[in-house]
>>> print(open('final.tsv').read())   # TSV, C-alpha atoms and all ligand atoms
chain	number	residue	atom	x	y	z
A	1	MET	CA	1.35	-77.23	-71.02
A	2	LYS	CA	-1.84	-79.26	-70.72
A	3	ARG	CA	-4.37	-77.65	-68.38
A	4	LYS	CA	-7.51	-78.99	-66.79
A	5	TYR	CA	-9.53	-75.82	-67.32
A	6	LYS	CA	-10.01	-73.44	-70.23
A	7	GLY	CA	-8.87	-70.57	-68.03
A	8	PHE	CA	-5.52	-69.84	-66.43
A	9	PHE	CA	-4.91	-69.49	-62.71
A	10	ILE	CA	-2.15	-67.12	-61.58
A	11	THR	CA	-1.36	-66.39	-57.97
A	12	LEU	CA	0.78	-63.55	-56.68
A	13	GLU	CA	2.52	-64.23	-53.41
A	14	GLY	CA	5.09	-62.68	-51.16
A	15	PRO	CA	5.53	-60.88	-47.87
A	16	ASP	CA	3.40	-57.91	-46.88
A	17	GLY	CA	4.23	-54.80	-48.88
A	18	CYS	CA	6.01	-56.66	-51.70
A	19	GLY	CA	3.70	-55.19	-54.34
A	20	LYS	CA	1.05	-57.85	-55.00
A	21	THR	CA	-1.83	-55.38	-55.32
A	22	THR	CA	0.19	-52.94	-57.42
A	23	GLN	CA	1.34	-55.69	-59.81
A	24	SER	CA	-2.03	-57.46	-59.96
A	25	LYS	CA	-3.70	-54.31	-61.22
A	26	LEU	CA	-1.07	-53.75	-63.91
A	27	LEU	CA	-1.23	-57.39	-64.90
A	28	LYS	CA	-5.00	-57.31	-65.21
A	29	GLU	CA	-4.83	-54.33	-67.58
A	30	ALA	CA	-2.09	-55.92	-69.69
A	31	LEU	CA	-3.88	-59.25	-70.04
A	32	MET	CA	-7.18	-57.55	-70.86
A	33	GLU	CA	-5.42	-55.63	-73.61
A	34	LYS	CA	-4.25	-58.95	-74.99
A	35	GLY	CA	-7.88	-60.05	-75.16
A	36	PHE	CA	-8.16	-62.25	-72.06
A	37	LYS	CA	-11.17	-62.19	-69.77
A	38	VAL	CA	-9.53	-61.39	-66.44
A	39	LEU	CA	-10.70	-61.61	-62.86
A	40	HIS	CA	-8.60	-60.04	-60.12
A	41	THR	CA	-9.33	-61.41	-56.68
A	42	ARG	CA	-7.61	-61.92	-53.34
A	43	GLU	CA	-7.29	-64.03	-50.23
A	44	PRO	CA	-8.43	-64.01	-47.61
A	45	GLY	CA	-11.58	-62.71	-49.27
A	46	GLY	CA	-12.88	-62.64	-52.81
A	47	THR	CA	-16.53	-63.35	-51.98
A	48	PHE	CA	-19.07	-61.51	-49.84
A	49	PHE	CA	-18.73	-64.06	-47.01
A	50	ALA	CA	-14.96	-64.50	-47.32
A	51	GLU	CA	-14.38	-60.73	-47.20
A	52	ASP	CA	-16.17	-60.78	-43.83
A	53	VAL	CA	-13.85	-63.59	-42.71
A	54	ARG	CA	-10.96	-61.42	-43.89
A	55	ARG	CA	-12.08	-58.58	-41.64
A	56	ILE	CA	-12.07	-60.97	-38.69
A	57	ILE	CA	-8.69	-62.55	-39.50
A	58	LEU	CA	-6.90	-59.24	-40.06
A	59	ASN	CA	-8.48	-57.27	-37.20
A	60	PRO	CA	-5.66	-56.53	-34.73
A	61	ASP	CA	-8.21	-56.31	-31.87
A	62	TYR	CA	-8.78	-60.07	-31.97
A	63	LYS	CA	-6.63	-62.61	-30.23
A	64	ILE	CA	-6.79	-65.67	-32.49
A	65	SER	CA	-4.98	-68.94	-31.81
A	66	PRO	CA	-2.76	-70.29	-34.63
A	67	LEU	CA	-5.12	-73.21	-35.25
A	68	ALA	CA	-8.24	-71.02	-35.31
A	69	GLU	CA	-6.43	-68.66	-37.66
A	70	LEU	CA	-5.48	-71.53	-39.97
A	71	LEU	CA	-9.05	-72.82	-40.10
A	72	LEU	CA	-10.45	-69.36	-40.84
A	73	TYR	CA	-8.08	-69.03	-43.79
A	74	GLU	CA	-9.09	-72.44	-45.08
A	75	ALA	CA	-12.82	-71.72	-44.63
A	76	SER	CA	-12.47	-68.52	-46.62
A	77	ARG	CA	-10.44	-70.39	-49.26
A	78	ALA	CA	-13.06	-73.13	-49.61
A	79	GLN	CA	-15.79	-70.58	-50.29
A	80	HIS	CA	-13.64	-68.49	-52.62
A	81	THR	CA	-12.49	-71.50	-54.65
A	82	GLU	CA	-15.99	-72.92	-55.04
A	83	GLU	CA	-17.80	-69.66	-55.68
A	84	VAL	CA	-15.29	-67.67	-57.74
A	85	ILE	CA	-12.09	-69.37	-58.85
A	86	ARG	CA	-13.25	-72.72	-60.22
A	87	PRO	CA	-16.32	-71.32	-62.02
A	88	GLY	CA	-14.10	-68.58	-63.51
A	89	LEU	CA	-11.59	-71.12	-64.77
A	90	GLU	CA	-14.39	-73.25	-66.24
A	91	LYS	CA	-15.63	-70.19	-68.14
A	92	GLY	CA	-12.13	-69.58	-69.52
A	93	GLU	CA	-11.22	-66.61	-67.37
A	94	CYS	CA	-7.70	-65.71	-66.42
A	95	ILE	CA	-7.77	-65.49	-62.64
A	96	ILE	CA	-5.23	-63.29	-60.87
A	97	CYS	CA	-5.37	-64.04	-57.17
A	98	GLU	CA	-3.37	-62.27	-54.46
A	99	ARG	CA	-2.36	-65.03	-52.07
A	100	TYR	CA	-3.62	-68.62	-52.04
A	101	GLY	CA	-2.53	-71.88	-50.43
A	102	ASP	CA	1.18	-70.99	-50.51
A	103	ALA	CA	0.53	-68.02	-48.24
A	104	THR	CA	-0.87	-70.36	-45.61
A	105	ILE	CA	2.22	-72.56	-45.85
A	106	ALA	CA	4.45	-69.48	-45.50
A	107	TYR	CA	2.54	-67.63	-42.75
A	108	GLN	CA	0.85	-70.33	-40.68
A	109	GLY	CA	3.51	-72.97	-41.43
A	110	TYR	CA	6.86	-71.17	-41.42
A	111	GLY	CA	5.57	-68.11	-39.55
A	112	ARG	CA	3.45	-69.71	-36.82
A	113	GLY	CA	5.09	-73.11	-36.76
A	114	ILE	CA	2.09	-75.30	-37.60
A	115	ALA	CA	3.04	-78.64	-39.23
A	116	LEU	CA	3.36	-78.22	-42.99
A	117	SER	CA	1.77	-81.63	-43.62
A	118	LEU	CA	-1.41	-80.50	-41.84
A	119	ILE	CA	-1.59	-77.29	-43.85
A	120	GLU	CA	-0.97	-79.13	-47.11
A	121	GLN	CA	-3.80	-81.49	-46.27
A	122	LEU	CA	-6.18	-78.64	-45.41
A	123	ASN	CA	-5.19	-76.74	-48.56
A	124	SER	CA	-6.11	-79.79	-50.65
A	125	ILE	CA	-9.42	-80.19	-48.87
A	126	ALA	CA	-10.36	-76.49	-49.09
A	127	THR	CA	-9.50	-76.22	-52.78
A	128	GLU	CA	-10.51	-79.77	-53.80
A	129	ASN	CA	-6.96	-80.02	-55.13
A	130	LEU	CA	-7.02	-76.91	-57.26
A	131	ILE	CA	-3.44	-75.74	-57.78
A	132	PRO	CA	-2.42	-72.52	-59.57
A	133	ASP	CA	-0.96	-72.83	-63.08
A	134	LEU	CA	1.64	-70.23	-62.18
A	135	THR	CA	2.69	-68.60	-58.93
A	136	ILE	CA	4.84	-65.48	-58.83
A	137	VAL	CA	6.54	-64.81	-55.50
A	138	LEU	CA	7.58	-61.18	-55.17
A	139	ASP	CA	10.59	-61.33	-52.93
A	140	ILE	CA	11.59	-58.51	-50.64
A	141	PRO	CA	13.57	-58.35	-47.39
A	142	ALA	CA	11.11	-58.28	-44.49
A	143	GLU	CA	12.34	-54.87	-43.30
A	144	GLU	CA	11.73	-53.29	-46.70
A	145	GLY	CA	8.22	-54.75	-47.04
A	146	LEU	CA	7.26	-53.51	-43.59
A	147	ARG	CA	8.72	-50.08	-44.39
A	148	ARG	CA	6.48	-49.86	-47.45
A	149	ILE	CA	3.42	-50.84	-45.41
A	150	LYS	CA	4.22	-48.20	-42.76
A	151	LYS	CA	4.69	-45.57	-45.44
A	152	MET	CA	1.35	-46.50	-47.00
A	153	LYS	CA	-0.72	-46.91	-43.82
A	154	GLY	CA	1.01	-44.59	-41.36
A	155	LYS	CA	3.18	-45.38	-38.37
A	156	ASN	CA	0.47	-47.09	-36.32
A	157	GLY	CA	-1.28	-48.74	-39.27
A	158	GLY	CA	-1.11	-52.36	-40.31
A	159	ASP	CA	-3.37	-55.39	-40.01
A	160	ARG	CA	-3.06	-58.23	-37.49
A	161	LEU	CA	-0.47	-60.10	-39.59
A	162	GLU	CA	1.45	-57.04	-40.73
A	163	LEU	CA	1.90	-56.08	-37.07
A	164	GLU	CA	3.75	-59.33	-36.34
A	165	SER	CA	7.46	-59.09	-35.47
A	166	LEU	CA	10.27	-58.68	-37.94
A	167	TYR	CA	11.45	-62.19	-37.08
A	168	PHE	CA	7.99	-63.57	-38.00
A	169	HIS	CA	8.18	-61.87	-41.40
A	170	GLN	CA	11.70	-63.18	-41.94
A	171	ARG	CA	10.43	-66.73	-41.34
A	172	VAL	CA	7.61	-66.10	-43.83
A	173	ARG	CA	10.15	-65.02	-46.44
A	174	LYS	CA	12.17	-68.18	-45.85
A	175	GLY	CA	8.94	-70.13	-46.23
A	176	TYR	CA	8.42	-68.70	-49.70
A	177	PHE	CA	11.97	-69.68	-50.67
A	178	ALA	CA	11.28	-73.24	-49.54
A	179	ILE	CA	7.98	-73.35	-51.46
A	180	ALA	CA	9.72	-72.18	-54.64
A	181	LYS	CA	12.43	-74.79	-54.21
A	182	LYS	CA	9.86	-77.53	-53.76
A	183	ASN	CA	7.73	-76.45	-56.76
A	184	PRO	CA	10.25	-75.18	-59.34
A	185	LYS	CA	7.93	-75.58	-62.34
A	186	ARG	CA	4.97	-73.70	-60.87
A	187	VAL	CA	6.61	-71.10	-58.62
A	188	LYS	CA	8.87	-68.27	-59.86
A	189	ILE	CA	10.61	-65.87	-57.51
A	190	LEU	CA	11.20	-62.32	-58.76
A	191	SER	CA	12.89	-59.56	-56.83
A	192	ALA	CA	10.30	-56.97	-55.79
A	193	LYS	CA	12.88	-54.29	-55.10
A	194	GLY	CA	13.08	-52.84	-58.61
A	195	ILE	CA	10.99	-50.30	-60.48
A	196	VAL	CA	7.26	-51.12	-60.66
A	197	LYS	CA	7.09	-51.11	-64.48
A	198	GLU	CA	10.21	-53.26	-64.89
A	199	LEU	CA	8.85	-55.84	-62.48
A	200	HIS	CA	5.57	-55.79	-64.39
A	201	GLN	CA	7.42	-56.66	-67.61
A	202	LYS	CA	9.19	-59.56	-65.89
A	203	ILE	CA	5.89	-60.92	-64.59
A	204	LEU	CA	4.33	-60.65	-68.06
A	205	LYS	CA	7.27	-62.58	-69.54
A	206	GLU	CA	6.79	-65.42	-67.05
A	207	ILE	CA	3.10	-65.59	-67.90
A	208	GLU	CA	3.58	-65.46	-71.65
A	209	SER	CA	5.94	-68.42	-71.49
A	210	LYS	CA	3.22	-70.50	-69.79
A	211	ILE	CA	-0.13	-69.27	-71.07
A	212	LYS	CA	0.18	-70.49	-74.68
A	301	LIG	N1	8.44	-51.84	-56.86
A	301	LIG	C1	8.08	-50.99	-55.88
A	301	LIG	N2	8.97	-50.08	-55.42
A	301	LIG	C2	8.62	-49.23	-54.42
A	301	LIG	N3	7.41	-49.20	-53.83
A	301	LIG	C3	6.49	-50.08	-54.25
A	301	LIG	C4	6.77	-51.02	-55.30
A	301	LIG	N4	5.66	-51.77	-55.50
A	301	LIG	C5	4.74	-51.33	-54.64
A	301	LIG	N5	5.21	-50.31	-53.90
A	301	LIG	C6	4.50	-49.56	-52.83
A	301	LIG	O1	4.56	-50.37	-51.65
A	301	LIG	C7	3.31	-50.33	-50.96
A	301	LIG	C8	2.74	-51.75	-50.84
A	301	LIG	O2	2.40	-52.21	-52.16
A	301	LIG	P1	1.17	-53.21	-52.39
A	301	LIG	O3	1.05	-53.40	-53.86
A	301	LIG	O4	-0.03	-52.73	-51.66
A	301	LIG	O5	1.77	-54.53	-51.69
A	301	LIG	P2	1.03	-55.85	-51.16
A	301	LIG	O6	-0.30	-55.91	-51.86
A	301	LIG	O7	1.95	-56.95	-51.55
A	301	LIG	O8	0.94	-55.69	-49.68
A	301	LIG	C9	2.40	-49.36	-51.76
A	301	LIG	O9	2.45	-48.10	-51.17
A	301	LIG	C10	3.03	-49.38	-53.14
A	301	LIG	O10	2.79	-48.17	-53.82
A	302	MG	MG	-2.25	-56.01	-51.12
>>> encode(input="final.tsv", output="structure tokens", more="lines below")
Ligand SMILES: Nc1ncnc2c1ncn2[C@@H]1O[C@H](COP(=O)(O)OP(=O)(O)O)[C@@H](O)[C@H]1O
Ligand SMILES: [Mg+2]
Amino acid sequence: MKRKYKGFFITLEGPDGCGKTTQSKLLKEALMEKGFKVLHTREPGGTFFAEDVRRIILNPDYKISPLAELLLYEASRAQHTEEVIRPGLEKGECIICERYGDATIAYQGYGRGIALSLIEQLNSIATENLIPDLTIVLDIPAEEGLRRIKKMKGKNGGDRLELESLYFHQRVRKGYFAIAKKNPKRVKILSAKGIVKELHQKILKEIESKIK
């Protein structure tokens, strides 16, 4: 595959609790062992400023309108893309990013009901049309993802998005299915229900077939 940058841009997506952080860490180690320079980052966040935006977006004490929420995500994405992702790709780094533009389509589009065309437009503006080389969606039923989050954070834990209803998270999951259907070359769905190490091997296989 012909790429614009020396580096390779991988995003991990999927509902809350699907295993993005767990798999990103394993993936980083595996790619480093293969000799790649790897940067593991996340959205919202990934820069000093954008991590502050993250704290605002995810704070359950705030009441944030869907449009304000969307614009905060895009503001954090603009900073993160300009400051971290694009320079990393120019230097030849392999970037592993937890969530990117697809998450906004799934959560703010399918979850909140904002027009997909508006989000697509804002994603293009915020990233200056930077699209991942490969996106892995870790698929899990909404109930199971939320169960994992509760187990990890305690019964009353969870950020502002994680505390949304089951129905919201089911819509998000459907959103990811639709994204994968629309972008079959870039987006691969893998079941996140299996054993951590087996899933890791499947992710590595997907990457190896593209990174050459
Ligand atoms: N394949 C798996 N099977 C069972 N539990 C898992 C699996 N992957 C991750 N977990 C657990 O689920 C919780 C959420 O995982 P995490 O990687 O933080 O998900 P995310 O970053 O997608 O929210 C953690 O407690 C993690 O240990
Ligand atoms: Mg995580």
>>> residues_around(input="final.tsv", residues="Lys210 of chain A", least_positions_apart="3", cutoff="9 Å", atoms="all atoms listed in the file", output="VMD selection string")
chain A and resid 1 133 to 134 205 to 207
>>> residues_around(input="final.tsv", residues="segment 40-54 of chain A", least_positions_apart="3", cutoff="10 Å", atoms="only C-alpha atoms", output="PyMOL selection string")
chain A and resi 10-12+20-21+24-25+27-28+57-59+72-81+83-85+94-101+103
>>> residues_around(input="final.tsv", residues="Gly175 of chain A", least_positions_apart="4", cutoff="12 Å", atoms="only C-alpha atoms", output="list in words")
Glu13, Gly14, Pro15, Asp102, Ala103, Thr104, Ile105, Ala106, Tyr107, Gln108, Gly109, Tyr110, Gly111, Arg112, Gly113, Leu116, Val137, Asp139, Phe168, His169, Gln170, Arg171, Ile179, Ala180, Lys181 and Lys182 of chain A
>>> residues_near_ligand(input="final.tsv", ligand="ligand LIG 301 (chain A)", cutoff="7 Å", atoms="all atoms listed in the file", output="VMD selection string")
chain A and resid 14 to 23 148 to 149 151 to 152 192 to 196 199
>>> atom_distance(input="final.tsv", atom1="atom CA of Gly35 of chain A", atom2="atom CA of Ile189 of chain A")
26.2 Å
>>> atom_distance(input="final.tsv", atom1="atom CA of Asp159 of chain A", atom2="atom CA of His200 of chain A")
26.0 Å
>>> atom_distance(input="final.tsv", atom1="atom CA of Gly92 of chain A", atom2="atom CA of Ile131 of chain A")
15.9 Å
>>> closest_residue(input="final.tsv", among="A:Leu122, A:Leu138, A:Leu89, A:Leu31", to="ligand MG 302 (chain A)", atoms="only C-alpha atoms and all ligand atoms")
A:Leu138
>>> closest_residue(input="final.tsv", among="A:Gly7, A:Gly158, A:Pro132, A:Pro66", to="ligand MG 302 (chain A)", atoms="only C-alpha atoms and all ligand atoms")
A:Gly158
>>> closest_residue(input="final.tsv", among="A:Gly145, A:Ala30, A:Phe36, A:Ser117", to="ligand MG 302 (chain A)", atoms="all atoms listed in the file")
A:Gly145
>>> residues_around(input="final.tsv", residues="segment 153-156 of chain A", least_positions_apart="6", cutoff="12 Å", atoms="only C-alpha atoms", output="VMD selection string")
chain A and resid 17 60 146 to 147 162 to 163
>>> residues_near_point(input="final.tsv", point="(6.2, -69.2, -60.6)", cutoff="6 Å", atoms="only C-alpha atoms", output="VMD selection string")
chain A and resid 134 to 136 186 to 188
>>> closest_residue(input="final.tsv", among="A:Ile140, A:Leu26, A:Ala178, A:Leu67", to="Ile203 of chain A", atoms="only C-alpha atoms")
A:Leu26
>>> axis_aligned_box(input="final.tsv", around="segment 145-157 of chain A", padding_each_side="5 Å", output="JSON")
{"center_x": 3.7, "center_y": -49.7, "center_z": -41.9, "size_x": 20.0, "size_y": 20.2, "size_z": 21.1}
>>> build_atoms(input="final.tsv", residues="segment 28-62 of chain A", atoms="N, CA and C atoms", output="compact mmCIF listing (two decimals), keeping the file's coordinate frame")
# COMPACT_ATOMS: atom_id res chain seq x y z
N LYS A 28 -3.63 -57.20 -64.72
CA LYS A 28 -5.00 -57.31 -65.21
C LYS A 28 -5.17 -56.46 -66.47
N GLU A 29 -4.71 -55.22 -66.41
CA GLU A 29 -4.83 -54.33 -67.58
C GLU A 29 -4.11 -54.92 -68.79
N ALA A 30 -2.88 -55.41 -68.56
CA ALA A 30 -2.09 -55.92 -69.69
C ALA A 30 -2.74 -57.14 -70.32
N LEU A 31 -3.27 -58.03 -69.49
CA LEU A 31 -3.88 -59.25 -70.04
C LEU A 31 -5.20 -58.94 -70.74
N MET A 32 -5.93 -57.95 -70.20
CA MET A 32 -7.18 -57.55 -70.86
C MET A 32 -6.89 -56.97 -72.24
N GLU A 33 -5.81 -56.19 -72.31
CA GLU A 33 -5.42 -55.63 -73.61
C GLU A 33 -5.07 -56.71 -74.61
N LYS A 34 -4.59 -57.83 -74.09
CA LYS A 34 -4.25 -58.95 -74.99
C LYS A 34 -5.49 -59.77 -75.34
N GLY A 35 -6.63 -59.40 -74.78
CA GLY A 35 -7.88 -60.05 -75.16
C GLY A 35 -8.37 -61.12 -74.18
N PHE A 36 -7.70 -61.26 -73.04
CA PHE A 36 -8.16 -62.25 -72.06
C PHE A 36 -9.30 -61.69 -71.22
N LYS A 37 -10.19 -62.58 -70.80
CA LYS A 37 -11.17 -62.19 -69.77
C LYS A 37 -10.44 -62.37 -68.45
N VAL A 38 -10.37 -61.33 -67.65
CA VAL A 38 -9.53 -61.39 -66.44
C VAL A 38 -10.35 -61.10 -65.19
N LEU A 39 -10.09 -61.87 -64.16
CA LEU A 39 -10.70 -61.61 -62.86
C LEU A 39 -9.59 -61.45 -61.82
N HIS A 40 -9.59 -60.30 -61.17
CA HIS A 40 -8.60 -60.04 -60.12
C HIS A 40 -9.28 -60.24 -58.77
N THR A 41 -8.72 -61.12 -57.96
CA THR A 41 -9.33 -61.41 -56.68
C THR A 41 -8.24 -61.58 -55.62
N ARG A 42 -8.63 -61.86 -54.39
CA ARG A 42 -7.61 -61.92 -53.34
C ARG A 42 -8.03 -62.84 -52.20
N GLU A 43 -7.02 -63.26 -51.45
CA GLU A 43 -7.29 -64.03 -50.23
C GLU A 43 -6.57 -63.39 -49.05
N PRO A 44 -7.08 -63.50 -47.86
CA PRO A 44 -8.43 -64.01 -47.61
C PRO A 44 -9.44 -63.03 -48.20
N GLY A 45 -10.54 -63.56 -48.69
CA GLY A 45 -11.58 -62.71 -49.27
C GLY A 45 -12.03 -63.22 -50.62
N GLY A 46 -12.50 -62.29 -51.45
CA GLY A 46 -12.88 -62.64 -52.81
C GLY A 46 -14.35 -62.99 -52.99
N THR A 47 -15.07 -63.19 -51.89
CA THR A 47 -16.53 -63.35 -51.98
C THR A 47 -17.11 -62.53 -50.83
N PHE A 48 -18.40 -62.31 -50.86
CA PHE A 48 -19.07 -61.51 -49.84
C PHE A 48 -18.77 -62.08 -48.44
N PHE A 49 -18.97 -63.39 -48.30
CA PHE A 49 -18.73 -64.06 -47.01
C PHE A 49 -17.25 -64.04 -46.66
N ALA A 50 -16.39 -64.38 -47.62
CA ALA A 50 -14.96 -64.50 -47.32
C ALA A 50 -14.33 -63.14 -47.01
N GLU A 51 -14.89 -62.07 -47.56
CA GLU A 51 -14.38 -60.73 -47.20
C GLU A 51 -14.71 -60.43 -45.73
N ASP A 52 -15.85 -60.95 -45.26
CA ASP A 52 -16.17 -60.78 -43.83
C ASP A 52 -15.19 -61.58 -42.97
N VAL A 53 -14.85 -62.78 -43.42
CA VAL A 53 -13.85 -63.59 -42.71
C VAL A 53 -12.52 -62.84 -42.70
N ARG A 54 -12.20 -62.20 -43.81
CA ARG A 54 -10.96 -61.42 -43.89
C ARG A 54 -10.92 -60.34 -42.80
N ARG A 55 -12.04 -59.64 -42.66
CA ARG A 55 -12.08 -58.58 -41.64
C ARG A 55 -11.79 -59.15 -40.26
N ILE A 56 -12.31 -60.35 -40.00
CA ILE A 56 -12.07 -60.97 -38.69
C ILE A 56 -10.59 -61.37 -38.56
N ILE A 57 -10.08 -62.05 -39.57
CA ILE A 57 -8.69 -62.55 -39.50
C ILE A 57 -7.70 -61.40 -39.32
N LEU A 58 -7.91 -60.31 -40.03
CA LEU A 58 -6.90 -59.24 -40.06
C LEU A 58 -7.11 -58.18 -38.98
N ASN A 59 -8.20 -58.29 -38.23
CA ASN A 59 -8.48 -57.27 -37.20
C ASN A 59 -7.52 -57.41 -36.02
N PRO A 60 -6.66 -56.41 -35.80
CA PRO A 60 -5.66 -56.53 -34.73
C PRO A 60 -6.27 -56.57 -33.33
N ASP A 61 -7.56 -56.27 -33.20
CA ASP A 61 -8.21 -56.31 -31.87
C ASP A 61 -8.49 -57.74 -31.41
N TYR A 62 -8.49 -58.69 -32.35
CA TYR A 62 -8.78 -60.07 -31.97
C TYR A 62 -7.52 -60.82 -31.57
